[in-house]
Amino acid sequence: MEANKELSISQVAKNTGLSPHALRFYEREGLLLSAQVMRGDRGHRRYSQSDVEWLDICIKLRASGMPLAQIKRFAELVRQGQGNEQQRLEILREHQRRVVAQMDQLKDCLDLINWKVGVYEEHLKQGTAQHLWTGCDSDDAPSDA
């Protein structure tokens with residue numbers, strides 16, 4: 001996108017994957033860097049390149065589980081300008097710790113899933129899949145189901 005080119009709400013929605021409703025919500029909740037998105041001659045929202053870049057950051061923070069209130073606080077600090085970089089860093093570090101913990105949990109889950117896939121593949125290969133656990137509480141249910 002050209003540096004000075006402005007985009008409509010539908011263009012930004014298409015570029016970011018956010019709906020126009022979500023874009024209006026982000027603006028209303030103070031999640032954007034500008035207090036209010038620029039408006040065109042007819043009052044329609046016009047987004048700048050920096051608006052879109054900030055939205056990309058917000059989308060990734062949100063997708064990684066950062067609460068909207070924390071994104072809002074981060075945006076407020078950025079809007080305030082210099083002097084609060086340490087506070088911004090702390091917000092990011094806290095979120096980083098949460099994401100790393102989530103990744104550790106997901107790694108444990110993936111390890112279990114990989115093991116189960118191996119069990120099923122092996123039973124199917126050996127023709128013994130009928131012996132896999134069926135969900136009943138019987139004493140003869142295999143432990144590797």
# chains A, B, ... in the order shown; residues from 1 in each chain; ligands from 1
>>> residues_around(residues="A:His21", least_positions_apart="4", cutoff="12 Å", atoms="only C-alpha atoms", output="ChimeraX atom specification")
/A:9-10,12-13,17,25-28
>>> select_by_dssp(residues="chain A", states="alpha helix (DSSP H)", output="JSON, numbers by chain")
{"A": [9, 10, 11, 12, 13, 14, 15, 16, 20, 21, 22, 23, 24, 25, 26, 27, 28, 49, 50, 51, 52, 53, 54, 55, 56, 57, 58, 59, 60, 61, 62, 63, 68, 69, 70, 71, 72, 73, 74, 75, 76, 77, 78, 79, 80, 85, 86, 87, 88, 89, 90, 91, 92, 93, 94, 95, 96, 97, 98, 99, 100, 101, 102, 103, 104, 105, 106, 107, 108, 109, 110, 111, 112, 113, 114, 115, 116, 117, 118, 119, 120, 121, 122, 123, 124, 125, 126]}
>>> closest_atom_pairs(of="stretch 5-41 of chain A", to="stretch 50-71 of chain A", cutoff="10 Å", atoms="only C-alpha atoms", output="tab-separated table")
residue	atom	partner	partner_atom	distance
A:Glu6	CA	A:Asp51	CA	9.6
A:Leu7	CA	A:Val52	CA	9.0
A:Val12	CA	A:Val52	CA	7.0
A:Ala13	CA	A:Val52	CA	9.7
A:Asn15	CA	A:Val52	CA	8.4
A:Thr16	CA	A:Asp56	CA	6.8
A:Gly17	CA	A:Ile59	CA	9.1
A:Leu18	CA	A:Ile59	CA	8.5
A:Leu23	CA	A:Leu55	CA	8.8
A:Tyr26	CA	A:Leu55	CA	8.9
A:Glu29	CA	A:Leu68	CA	8.8
A:Gly30	CA	A:Ile71	CA	9.2
A:Leu31	CA	A:Ile71	CA	6.5
A:Leu32	CA	A:Trp54	CA	7.1
A:Leu33	CA	A:Asp51	CA	7.2
A:Ser34	CA	A:Asp51	CA	8.0
A:Val37	CA	A:Asp51	CA	8.2
A:Met38	CA	A:Asp51	CA	9.9
>>> atom_distance(atom1="atom CA of A:Gln36", atom2="atom CA of A:Glu76")
12.8 Å
>>> atom_distance(atom1="atom CA of A:Leu92", atom2="atom CA of A:Arg73")
11.1 Å
>>> closest_residue(among="A:Gln96, A:Asn84, A:Thr128, A:Ser8", to="A:Gln49", atoms="only C-alpha atoms")
A:Ser8
>>> closest_residue(among="A:Gln130, A:Gln11, A:Asn114, A:Gln80", to="A:Arg46", atoms="only C-alpha atoms")
A:Gln11
>>> residues_around(residues="stretch 88-90 of chain A", least_positions_apart="2", cutoff="9 Å", atoms="only C-alpha atoms", output="VMD selection string")
chain A and resid 73 to 74 77 to 78 84 to 86 92 to 95
>>> select_by_dssp(residues="chain A", states="strand (DSSP E or B)", output="PyMOL selection string")
chain A and resi 7+38-39+45-47
>>> atom_distance(atom1="atom CA of A:Ser48", atom2="atom CA of A:Lys5")
6.7 Å
